[in-house]
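> Okay, so here is query04.txt, and as you'll see once you scroll down, it has compact mmCIF, C-alpha atoms and all ligand atoms.
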```
# COMPACT_ATOMS: atom_id res chain seq x y z
CA MET A 70 5.65 89.59 25.50
CA ASN A 71 6.36 87.85 22.21
CA THR A 72 4.48 89.79 19.51
CA SER A 73 6.31 88.12 16.66
CA TYR A 74 3.41 86.08 15.19
CA PRO A 75 1.33 86.60 12.03
CA PHE A 76 -1.50 89.10 11.93
CA GLU A 77 -4.93 87.52 11.70
CA LYS A 78 -6.02 89.76 8.81
CA PRO A 79 -3.72 91.01 6.04
CA ILE A 80 -1.97 94.28 6.79
CA TYR A 81 -1.45 96.39 3.67
CA ILE A 82 0.70 99.48 3.23
CA THR A 83 -2.44 101.57 3.17
CA ARG A 84 -6.23 101.45 3.45
CA PRO A 85 -8.41 104.22 2.05
CA LEU A 86 -9.76 106.80 4.46
CA LEU A 87 -13.54 106.28 4.49
CA PRO A 88 -16.04 108.81 5.80
CA ASP A 89 -19.22 108.04 7.73
CA LEU A 90 -21.56 106.43 5.20
CA ASN A 91 -24.57 108.38 6.48
CA GLU A 92 -22.75 111.61 5.77
CA VAL A 93 -22.10 110.42 2.22
CA LYS A 94 -25.75 109.39 1.76
CA LYS A 95 -26.91 112.84 2.92
CA LYS A 96 -24.65 114.62 0.49
CA LEU A 97 -25.49 112.23 -2.34
CA GLN A 98 -29.16 113.15 -1.84
CA GLU A 99 -28.20 116.64 -3.07
CA VAL A 100 -26.74 115.07 -6.22
CA TRP A 101 -29.87 112.94 -6.72
CA ASP A 102 -32.09 116.00 -6.24
CA SER A 103 -30.13 118.01 -8.77
CA GLN A 104 -29.99 115.16 -11.34
CA TRP A 105 -26.62 116.59 -12.31
CA LEU A 106 -23.90 113.94 -12.35
CA THR A 107 -20.90 115.39 -14.17
CA ASN A 108 -19.70 118.19 -16.53
CA ASN A 109 -18.80 120.93 -14.07
CA GLY A 110 -21.78 120.41 -11.75
CA PRO A 111 -22.49 122.24 -8.48
CA GLN A 112 -20.48 119.80 -6.27
CA HIS A 113 -17.54 120.06 -8.67
CA GLN A 114 -17.62 123.85 -8.47
CA LEU A 115 -17.86 123.82 -4.68
CA PHE A 116 -15.04 121.29 -4.37
CA GLU A 117 -12.76 123.17 -6.78
CA GLY A 118 -13.19 126.38 -4.74
CA LYS A 119 -12.57 124.66 -1.38
CA LEU A 120 -9.56 122.74 -2.63
CA LYS A 121 -7.95 125.92 -3.91
CA GLU A 122 -8.07 127.27 -0.36
CA VAL A 123 -6.84 124.03 1.23
CA LEU A 124 -3.89 123.73 -1.17
CA LYS A 125 -3.25 127.52 -1.01
CA VAL A 126 -3.03 127.87 -4.80
CA PRO A 127 -4.34 130.63 -7.08
CA CYS A 128 -5.68 128.31 -9.82
CA LEU A 129 -6.89 124.71 -9.82
CA SER A 130 -8.65 122.32 -12.20
CA LEU A 131 -10.14 119.02 -11.08
CA PHE A 132 -9.63 115.78 -13.03
CA ASN A 133 -10.96 112.21 -13.12
CA ASN A 134 -7.48 110.89 -12.22
CA GLY A 135 -3.91 112.08 -11.80
CA ALA A 136 -2.47 110.47 -14.93
CA ILE A 137 -4.94 112.17 -17.28
CA ALA A 138 -4.32 115.42 -15.41
CA LEU A 139 -0.59 115.10 -16.08
CA ILE A 140 -1.17 114.32 -19.77
CA VAL A 141 -3.25 117.48 -20.01
CA ALA A 142 -0.60 119.48 -18.14
CA CYS A 143 1.97 118.61 -20.83
CA GLN A 144 -0.55 119.43 -23.59
CA SER A 145 -1.50 122.74 -22.03
CA LEU A 146 2.14 123.88 -21.95
CA ARG A 147 2.66 122.56 -25.52
CA LEU A 148 5.64 120.47 -24.44
CA SER A 149 7.44 118.54 -27.17
CA GLY A 150 10.82 116.97 -27.94
CA ASP A 151 12.62 115.78 -24.80
CA VAL A 152 11.63 116.23 -21.17
CA ILE A 153 14.02 115.51 -18.31
CA THR A 154 12.53 113.35 -15.58
CA THR A 155 13.32 110.84 -12.85
CA PRO A 156 13.50 107.05 -13.22
CA PHE A 157 12.46 106.55 -9.56
CA THR A 158 8.71 107.01 -9.82
CA PHE A 159 5.38 105.35 -10.62
CA PRO A 160 5.03 104.33 -14.32
CA ALA A 161 2.52 107.15 -14.91
CA THR A 162 5.27 109.80 -14.87
CA PRO A 163 7.23 108.77 -17.98
CA HIS A 164 4.14 107.28 -19.62
CA VAL A 165 2.36 110.65 -19.78
CA LEU A 166 5.34 111.95 -21.73
CA MET A 167 5.03 109.10 -24.24
CA TRP A 168 1.29 109.82 -24.57
CA ASN A 169 2.34 113.32 -25.60
CA ASN A 170 4.87 111.99 -28.10
CA ILE A 171 7.69 113.29 -25.88
CA ARG A 172 10.90 111.37 -25.16
CA PRO A 173 11.65 110.95 -21.45
CA ILE A 174 15.27 111.68 -20.53
CA PHE A 175 16.15 110.03 -17.24
CA CYS A 176 18.30 112.00 -14.82
CA ASP A 177 19.83 110.46 -11.69
CA ILE A 178 18.38 111.13 -8.24
CA ASP A 179 19.58 112.71 -5.03
CA PRO A 180 20.88 110.07 -2.57
CA VAL A 181 18.96 111.56 0.37
CA THR A 182 15.65 112.92 -0.95
CA MET A 183 15.49 110.34 -3.79
CA ASN A 184 14.07 113.10 -6.00
CA ILE A 185 15.63 114.19 -9.30
CA ASP A 186 19.11 115.57 -8.56
CA ALA A 187 18.88 119.25 -9.49
CA ARG A 188 22.69 119.41 -9.79
CA LYS A 189 22.64 116.83 -12.58
CA ILE A 190 19.81 118.29 -14.69
CA GLU A 191 21.99 120.80 -16.53
CA SER A 192 24.24 118.11 -18.01
CA MET A 193 21.17 116.39 -19.53
CA ILE A 194 19.88 119.48 -21.38
CA THR A 195 20.09 119.52 -25.20
CA PRO A 196 18.47 121.75 -27.85
CA GLN A 197 15.53 119.26 -27.87
CA THR A 198 14.76 119.75 -24.17
CA THR A 199 11.54 121.67 -23.49
CA ALA A 200 10.85 120.95 -19.82
CA ILE A 201 11.67 119.26 -16.54
CA LEU A 202 9.10 116.84 -15.10
CA ALA A 203 10.11 116.33 -11.47
CA VAL A 204 8.36 114.19 -8.84
CA HIS A 205 8.08 114.99 -5.11
CA VAL A 206 8.59 111.33 -4.46
CA PHE A 207 6.81 110.01 -1.32
CA GLY A 208 5.81 113.64 -0.68
CA THR A 209 9.36 114.86 -0.02
CA PRO A 210 9.75 118.22 -1.76
CA CYS A 211 12.21 118.49 -4.65
CA ASP A 212 14.85 121.19 -4.56
CA VAL A 213 12.34 123.56 -6.16
CA VAL A 214 14.64 126.60 -6.01
CA ALA A 215 17.55 124.91 -7.80
CA ILE A 216 15.23 123.34 -10.39
CA GLN A 217 13.63 126.71 -11.18
CA HIS A 218 17.07 128.25 -11.45
CA VAL A 219 18.17 125.76 -14.15
CA ALA A 220 14.82 126.03 -15.94
CA ASP A 221 15.01 129.83 -16.07
CA ARG A 222 18.56 129.75 -17.36
CA TYR A 223 17.57 127.47 -20.27
CA GLY A 224 14.01 128.69 -20.85
CA LEU A 225 12.46 125.36 -19.82
CA LYS A 226 9.01 124.73 -18.36
CA VAL A 227 8.74 122.95 -15.01
CA VAL A 228 5.99 120.45 -14.25
CA TYR A 229 5.76 118.77 -10.86
CA ASP A 230 4.24 115.37 -10.31
CA ALA A 231 2.94 116.08 -6.82
CA ALA A 232 0.85 112.88 -6.70
CA HIS A 233 2.14 112.15 -3.16
CA ALA A 234 2.41 115.71 -1.92
CA PHE A 235 -1.08 116.74 -0.80
CA GLY A 236 -0.80 119.67 1.62
CA VAL A 237 3.01 119.71 1.56
CA GLU A 238 4.73 123.01 2.28
CA THR A 239 8.43 123.72 2.01
CA GLY A 240 10.05 126.87 3.38
CA GLY A 241 6.49 128.04 4.14
CA VAL A 242 5.54 127.77 0.43
CA ALA A 243 2.61 125.62 -0.72
CA ILE A 244 4.02 122.91 -2.98
CA GLY A 245 1.29 123.40 -5.60
CA THR A 246 2.57 126.89 -6.39
CA CYS A 247 5.99 125.68 -7.56
CA GLY A 248 6.92 125.43 -11.24
CA ASP A 249 4.45 126.03 -14.08
CA ILE A 250 1.98 123.28 -13.17
CA SER A 251 1.68 120.68 -10.39
CA MET A 252 -0.39 117.50 -10.49
CA PHE A 253 -2.02 115.98 -7.38
CA SER A 254 -3.49 112.47 -7.38
CA PHE A 255 -6.65 111.66 -5.41
CA HIS A 256 -6.46 107.90 -5.92
CA ALA A 257 -7.95 105.74 -3.15
CA THR A 258 -4.46 104.95 -1.84
CA LYS A 259 -3.67 108.62 -1.20
CA LEU A 260 -4.05 110.38 2.15
CA PHE A 261 -6.73 112.56 0.57
CA HIS A 262 -8.77 110.91 -2.17
CA THR A 263 -11.91 110.86 -4.27
CA ALA A 264 -11.65 107.09 -5.03
CA GLU A 265 -10.09 108.10 -8.37
CA GLY A 266 -9.29 111.70 -9.10
CA GLY A 267 -6.71 114.41 -9.38
CA ALA A 268 -6.05 118.09 -9.90
CA LEU A 269 -3.71 120.49 -11.65
CA THR A 270 -2.60 123.63 -9.82
CA PHE A 271 -0.88 126.61 -11.43
CA LYS A 272 -0.22 130.33 -11.05
CA ASP A 273 -0.92 131.55 -14.60
CA LYS A 274 -4.62 132.43 -14.73
CA ASN A 275 -4.51 132.31 -18.55
CA LEU A 276 -3.89 128.55 -18.38
CA LYS A 277 -7.22 127.84 -16.69
CA SER A 278 -9.44 128.08 -19.76
CA ARG A 279 -6.98 126.06 -21.90
CA ILE A 280 -6.74 123.28 -19.30
CA ASP A 281 -10.52 123.19 -18.83
CA LEU A 282 -11.03 123.00 -22.60
CA LEU A 283 -8.47 120.21 -22.90
CA LYS A 284 -10.21 118.12 -20.23
CA ASN A 285 -13.59 118.47 -21.99
CA PHE A 286 -12.80 117.43 -25.59
CA GLY A 287 -11.89 121.03 -26.51
CA ILE A 288 -15.58 121.96 -26.53
CA LYS A 289 -15.91 125.73 -26.29
CA ASN A 290 -19.66 125.85 -26.86
CA GLU A 291 -22.35 123.87 -28.64
CA GLU A 292 -21.02 124.89 -32.04
CA GLU A 293 -17.26 125.24 -31.52
CA VAL A 294 -14.61 122.59 -30.77
CA VAL A 295 -11.32 124.44 -30.61
CA MET A 296 -8.71 121.77 -29.80
CA PRO A 297 -8.31 117.97 -29.64
CA GLY A 298 -9.14 117.53 -25.97
CA ILE A 299 -9.82 114.42 -23.93
CA ASN A 300 -12.31 113.40 -21.24
CA GLY A 301 -10.58 114.36 -17.98
CA LYS A 302 -13.66 115.46 -16.06
CA MET A 303 -14.27 114.68 -12.40
CA ASN A 304 -17.86 113.62 -11.70
CA GLU A 305 -20.22 114.79 -8.95
CA ILE A 306 -19.88 111.62 -6.88
CA GLN A 307 -16.10 111.98 -6.78
CA ALA A 308 -16.52 115.65 -5.84
CA VAL A 309 -18.89 114.71 -2.99
CA MET A 310 -16.33 112.23 -1.66
CA GLY A 311 -13.68 114.96 -1.81
CA LEU A 312 -15.81 117.58 -0.08
CA ILE A 313 -16.55 115.21 2.78
CA LEU A 314 -13.01 113.85 3.15
CA LEU A 315 -11.51 117.33 3.34
CA GLU A 316 -13.02 117.42 6.84
CA TYR A 317 -11.25 114.19 7.82
CA ILE A 318 -7.67 114.72 6.77
CA GLU A 319 -6.36 116.69 9.74
CA GLU A 320 -7.48 113.92 12.10
CA GLU A 321 -5.97 111.28 9.79
CA LYS A 322 -2.67 113.19 9.69
CA LYS A 323 -2.59 113.35 13.51
CA LYS A 324 -3.03 109.58 13.68
CA ARG A 325 -0.30 109.05 11.07
CA LYS A 326 2.07 111.37 12.90
CA ASN A 327 1.56 109.29 16.02
CA LEU A 328 2.27 106.09 14.07
CA LEU A 329 5.37 107.66 12.50
CA ASP A 330 6.66 108.56 15.97
CA THR A 331 5.99 104.98 17.08
CA TYR A 332 7.92 103.54 14.11
CA LYS A 333 10.81 105.89 14.88
CA LYS A 334 10.82 105.02 18.58
CA CYS A 335 10.67 101.26 17.95
CA LEU A 336 13.32 101.22 15.22
CA LYS A 337 15.67 103.72 16.85
CA GLY A 338 19.24 102.48 16.84
CA VAL A 339 18.50 99.47 14.63
CA GLU A 340 21.61 99.33 12.47
CA GLY A 341 20.93 99.35 8.74
CA ILE A 342 17.44 100.87 8.89
CA CYS A 343 16.80 104.53 8.23
CA PHE A 344 13.75 106.68 7.60
CA CYS A 345 13.79 108.37 4.23
CA SER A 346 11.81 111.42 5.11
CA SER A 347 13.30 112.24 8.53
CA ALA A 348 14.25 115.80 7.63
CA TYR A 349 10.73 116.54 6.44
CA ASP A 350 8.52 114.98 9.07
CA ASN A 351 8.46 117.49 11.88
CA ALA A 352 10.90 120.24 10.87
CA PRO A 353 9.90 123.94 11.06
CA GLY A 354 8.64 125.45 7.76
CA ILE A 355 7.88 121.95 6.46
CA LYS A 356 4.45 120.37 6.26
CA SER A 357 4.55 116.67 5.49
CA SER A 358 1.93 114.83 3.44
CA TYR A 359 2.16 111.78 5.77
CA GLN A 360 1.54 109.84 2.56
CA TYR A 361 3.94 106.91 2.86
CA LEU A 362 6.22 105.55 5.53
CA VAL A 363 9.38 104.65 3.74
CA ILE A 364 12.39 102.93 5.21
CA ARG A 365 15.73 102.11 3.63
CA ILE A 366 17.44 98.87 4.41
CA ASP A 367 21.21 98.72 4.12
CA GLU A 368 21.86 95.03 3.56
CA LYS A 369 25.43 95.15 4.87
CA LEU A 370 24.47 96.82 8.15
CA PHE A 371 21.08 95.18 8.72
CA GLY A 372 22.35 91.75 7.72
CA LYS A 373 19.37 91.04 5.45
CA SER A 374 18.34 92.55 2.12
CA ARG A 375 15.25 94.63 1.40
CA ASP A 376 13.93 91.78 -0.76
CA TYR A 377 14.39 89.31 2.10
CA VAL A 378 12.45 91.58 4.46
CA TYR A 379 9.68 92.07 1.88
CA GLU A 380 9.27 88.28 1.44
CA GLU A 381 9.54 87.45 5.16
CA PHE A 382 6.90 90.04 6.09
CA LYS A 383 4.41 88.15 3.89
CA LYS A 384 4.70 85.15 6.24
CA TYR A 385 3.32 87.43 8.96
CA ASN A 386 0.42 88.59 6.74
CA ILE A 387 2.14 91.96 6.21
CA PHE A 388 2.20 93.22 2.62
CA THR A 389 4.82 95.90 2.19
CA ARG A 390 5.65 97.46 -1.21
CA LYS A 391 8.93 97.94 -3.07
CA TYR A 392 7.92 101.30 -4.56
CA PHE A 393 9.35 102.15 -7.12
CA TYR A 394 11.04 98.94 -8.19
CA PRO A 395 11.94 98.40 -10.98
CA LEU A 396 13.18 101.80 -12.13
CA CYS A 397 11.16 103.19 -15.05
CA SER A 398 14.39 103.24 -17.06
CA ASP A 399 14.42 99.43 -16.82
CA TYR A 400 10.94 98.93 -18.33
CA THR A 401 11.05 97.31 -21.78
CA CYS A 402 9.53 100.46 -23.30
CA TYR A 403 12.34 102.69 -21.99
CA ARG A 404 15.45 100.57 -21.50
CA GLN A 405 16.76 101.26 -25.03
CA LEU A 406 16.97 105.02 -24.35
CA PRO A 407 20.56 106.27 -23.99
CA SER A 408 19.67 107.99 -20.68
CA SER A 409 18.46 104.63 -19.28
CA SER A 410 21.98 103.21 -19.05
CA SER A 411 22.87 102.19 -15.51
CA ALA A 412 26.09 104.23 -15.79
CA ASN A 413 23.88 107.34 -16.03
CA LEU A 414 21.77 106.37 -13.00
CA PRO A 415 24.08 104.95 -10.29
CA ILE A 416 22.23 106.45 -7.31
CA ALA A 417 18.80 105.40 -8.57
CA HIS A 418 20.08 101.84 -9.01
CA LYS A 419 21.35 101.76 -5.42
CA VAL A 420 18.25 103.38 -3.87
CA VAL A 421 15.76 101.15 -5.69
CA LYS A 422 17.26 98.08 -3.99
CA GLU A 423 16.95 99.56 -0.49
CA VAL A 424 13.53 101.20 -0.25
CA LEU A 425 10.51 99.60 1.38
CA CYS A 426 7.10 101.16 2.06
CA VAL A 427 5.66 99.78 5.28
CA PRO A 428 2.06 99.86 6.58
CA PHE A 429 0.96 103.42 7.33
CA TYR A 430 -2.63 104.56 7.71
CA GLY A 431 -4.81 105.91 10.49
CA GLY A 432 -6.68 102.61 10.95
CA LEU A 433 -3.53 100.95 12.33
CA SER A 434 -3.07 101.01 16.08
CA VAL A 435 0.14 101.89 17.93
CA GLY A 436 0.17 98.22 19.03
CA ASP A 437 0.05 97.09 15.39
CA VAL A 438 3.06 99.26 14.56
CA GLU A 439 4.98 98.02 17.61
CA ARG A 440 4.29 94.46 16.45
CA ILE A 441 5.39 95.20 12.87
CA CYS A 442 8.65 96.66 14.24
CA THR A 443 9.23 93.65 16.53
CA ILE A 444 8.75 91.34 13.55
CA LEU A 445 11.13 93.44 11.44
CA LYS A 446 13.80 93.37 14.17
CA SER A 447 13.42 89.58 14.43
CA PHE A 448 14.60 89.22 10.80
CA ARG A 449 18.14 90.35 11.63
N1 LIG B 1 2.54 109.89 -10.39
C1 LIG B 1 2.92 109.24 -9.29
C2 LIG B 1 4.25 109.55 -8.69
C3 LIG B 1 2.08 108.28 -8.70
O1 LIG B 1 2.47 107.60 -7.61
C4 LIG B 1 0.83 108.04 -9.29
C5 LIG B 1 -0.06 107.04 -8.72
C6 LIG B 1 0.45 108.77 -10.44
C7 LIG B 1 1.36 109.68 -10.98
C8 LIG B 1 -0.85 108.57 -11.14
O2 LIG B 1 -1.94 109.04 -10.37
P1 LIG B 1 -3.41 108.34 -10.58
O3 LIG B 1 -3.68 108.35 -12.05
O4 LIG B 1 -3.35 106.96 -10.00
O5 LIG B 1 -4.32 109.26 -9.81
C9 LIG B 1 -1.20 102.64 -6.43
C10 LIG B 1 -2.19 103.62 -7.01
O6 LIG B 1 -3.12 103.00 -7.88
C11 LIG B 1 -1.56 104.78 -7.74
O7 LIG B 1 -2.53 105.81 -7.78
C12 LIG B 1 -0.34 105.31 -7.00
N2 LIG B 1 0.34 106.33 -7.75
C13 LIG B 1 0.62 104.18 -6.69
C14 LIG B 1 1.83 104.63 -5.94
O8 LIG B 1 -0.07 103.23 -5.88
P2 LIG B 1 -0.68 100.14 -7.01
O9 LIG B 1 -0.77 99.39 -8.29
O10 LIG B 1 0.51 99.96 -6.17
O11 LIG B 1 -2.02 99.95 -6.13
P3 LIG B 1 -2.63 98.68 -5.40
O12 LIG B 1 -3.97 98.41 -5.99
O13 LIG B 1 -1.65 97.58 -5.37
O14 LIG B 1 -2.88 99.24 -3.92
C15 LIG B 1 -1.89 99.31 -2.92
C16 LIG B 1 -2.49 98.81 -1.59
O15 LIG B 1 -3.51 99.69 -1.17
C17 LIG B 1 -3.15 97.45 -1.68
O16 LIG B 1 -2.21 96.45 -1.41
C18 LIG B 1 -4.24 97.51 -0.64
C19 LIG B 1 -4.59 98.97 -0.54
N3 LIG B 1 -5.85 99.30 -1.21
C20 LIG B 1 -5.85 99.67 -2.55
C21 LIG B 1 -7.03 100.04 -3.17
C22 LIG B 1 -7.05 100.43 -4.62
C23 LIG B 1 -7.03 99.27 -0.49
O17 LIG B 1 -7.02 98.93 0.69
N4 LIG B 1 -8.18 99.67 -1.09
C24 LIG B 1 -8.25 100.05 -2.40
O18 LIG B 1 -9.34 100.43 -2.90
O19 LIG B 1 -0.83 101.69 -7.41
```
Turn the structure described in the file into structure tokens.
Ligand code: T4K

Amino acid sequence: MNTSYPFEKPIYITRPLLPDLNEVKKKLQEVWDSQWLTNNGPQHQLFEGKLKEVLKVPCLSLFNNGAIALIVACQSLRLSGDVITTPFTFPATPHVLMWNNIRPIFCDIDPVTMNIDARKIESMITPQTTAILAVHVFGTPCDVVAIQHVADRYGLKVVYDAAHAFGVETGGVAIGTCGDISMFSFHATKLFHTAEGGALTFKDKNLKSRIDLLKNFGIKNEEEVVMPGINGKMNEIQAVMGLILLEYIEEEKKKRKNLLDTYKKCLKGVEGICFCSSAYDNAPGIKSSYQYLVIRIDEKLFGKSRDYVYEEFKKYNIFTRKYFYPLCSDYTCYRQLPSSSSANLPIAHKVVKEVLCVPFYGGLSVGDVERICTILKSFR
């Protein structure tokens, strides 16, 4: 059967997981009854407690989005000077450094995981360096052991941007317990979401009160404001969404696993196409976030470039994404930094031309994925 024709409706890389509306209405009634909409309300408290268990972390603070959470993470650890980070990420990662008056120092990435290359961090450290801000890109865990090793040797803090890594475990360890602080994003495009939202997780119980002050303008009580905080608070409606969706994610992950297996089966043996996360999908001791389905296209072997595939897919009503093109080091606000030179970032420059995020969410059928793969193979 020829399945190589356009989809009737646009197919995006993701669609938000939506709970039964009646369930939401029922839970919102509790919010209406309480007339408490934000500022550490009852739903917020319930959600914070539940999420701590789900993410298997000792401490957690909820936020109105991931970017503000990450800004507060840097503030709470009093980071300054230079922070070593990756150029292969969403703009939020280096931007939060700038919002803290910190200079991002871009370090090259690992050719397989596409995360910051722990072996190259040491050569980027100077007396100005105060921390490493690493990203578990697409939910693939960084080399957390090696990163901690370097950080300990040089007395640096470690912050993880775990925006894509909800529920990830590596070597049996919950990802949110690594480093000093981890940030999770609950944006609508994430496997688990609260429309907008995020959280910081950390081991040091002493950080909790500082982080919670920083996200509420530094207000200690009605008469004392003890630091220049910001508004990073999650509201009750977001918390309700989170509480309900926690019950849906295992089912969503099962569906995504099935779709991942279908992609792998359909694209097996296609020269020039590989799956970025292969080692992390089903391996023992690893729990995947099933956040994105990312392929790499080797132009020489596949015969067509990633950009060609991206454009051609549009003709079939399929909207893939070139995350994270361009590299952050190529943005006008960062390209003048010495660490942004392409000579410093050869792997990142290669990877960013090959990666493509393809449609991946529970609402897709196996038939849809088979059709997407047939279309992809027809481009050769
Ligand atoms: N660090 C990293 C590594 C991140 O990836 C992110 C965010 C952050 C930090 C910051 O966290 P937050 O402050 O956002 O919590 C999207 C998301 O907006 C962003 O949260 C996410 N990373 C990034 C990777 O993806 P865009 O600009 O690509 O989103 P957009 O609107 O193009 O959406 C992508 C597709 O999703 C659409 O083509 C269709 C679908 N979609 C989207 C929305 C918003 C829907 O079907 N429904 C929707 O409501 O950034």
> Quick one: of A:Pro156, A:Tyr379, A:Arg172, A:Ile313, who's nearest to Val93 (chain A), counting all atoms listed in the file?
A:Ile313
> Within 6 Å of ligand LIG 1 (chain B), which residues show up when you count all atoms listed in the file? List them as a list of chain:residue names, please.
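Those residues are A:Tyr81, A:Ile82, A:Thr83, A:Arg84, A:Pro85, A:Asn134, A:Gly135, A:Ala136, A:Thr158, A:Phe159, A:Ala161, A:Thr162, A:Asp230, A:Ala232, A:Ser254, A:Phe255, A:His256, A:Ala257, A:Thr258, A:Gly266, A:Gly267.
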> Do you know which residues are at most 12 Å from Phe157 (chain A) counting all atoms listed in the file, after dropping those on the same chain fewer than 2 positions away, and could you put them as a PyMOL selection string?
chain A and resi 154-155+159-163+175-180+182-186+203-207+391-400+409+414-422+424
> Padding of 6 Å on every side, edges along x, y and z, all listed atoms of region 160-179 of chain A included: what centre and edge lengths in Å, to one decimal, does that box have, as JSON?

```
{"center_x": 10.6, "center_y": 108.8, "center_z": -16.6, "size_x": 30.5, "size_y": 21.0, "size_z": 35.1}
```
> Can you find the residues with an atom no farther than 12 Å from (-12.1, 127.4, -5.6), counting all atoms listed in the file, and report them as a PyMOL selection string?
chain A and resi 111-131+268+270+312
> Would you pick out the contacts of Ile387 (chain A) at 7 Å or less, using all atoms listed in the file, so that residues sharing its chain but fewer than 2 positions from it are not included, and give the list as a list in words?
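With the cut-off at 7 Å, the set is Pro79, Ile80, Tyr81, Phe382, Lys383, Tyr385 and Thr389 of chain A.
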> Using Å and a single decimal, report how far CA of Asn170 (chain A) sits from CA of Ser278 (chain A).
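CA of Ser278 (chain A) sits 23.1 Å away from CA of Asn170 (chain A).
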> With distances taken over all atoms listed in the file, which residue among A:Glu92, A:Glu77, A:Asp376, A:Glu265 lies nearest Phe253 (chain A)?
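Checking each of A:Glu92, A:Glu77, A:Asp376, A:Glu265 against Phe253 (chain A), counting all atoms listed in the file, the winner is A:Glu265.
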> Do you have the CA of Gly248 (chain A)-CA of Val228 (chain A) distance handy?
5.9 Å
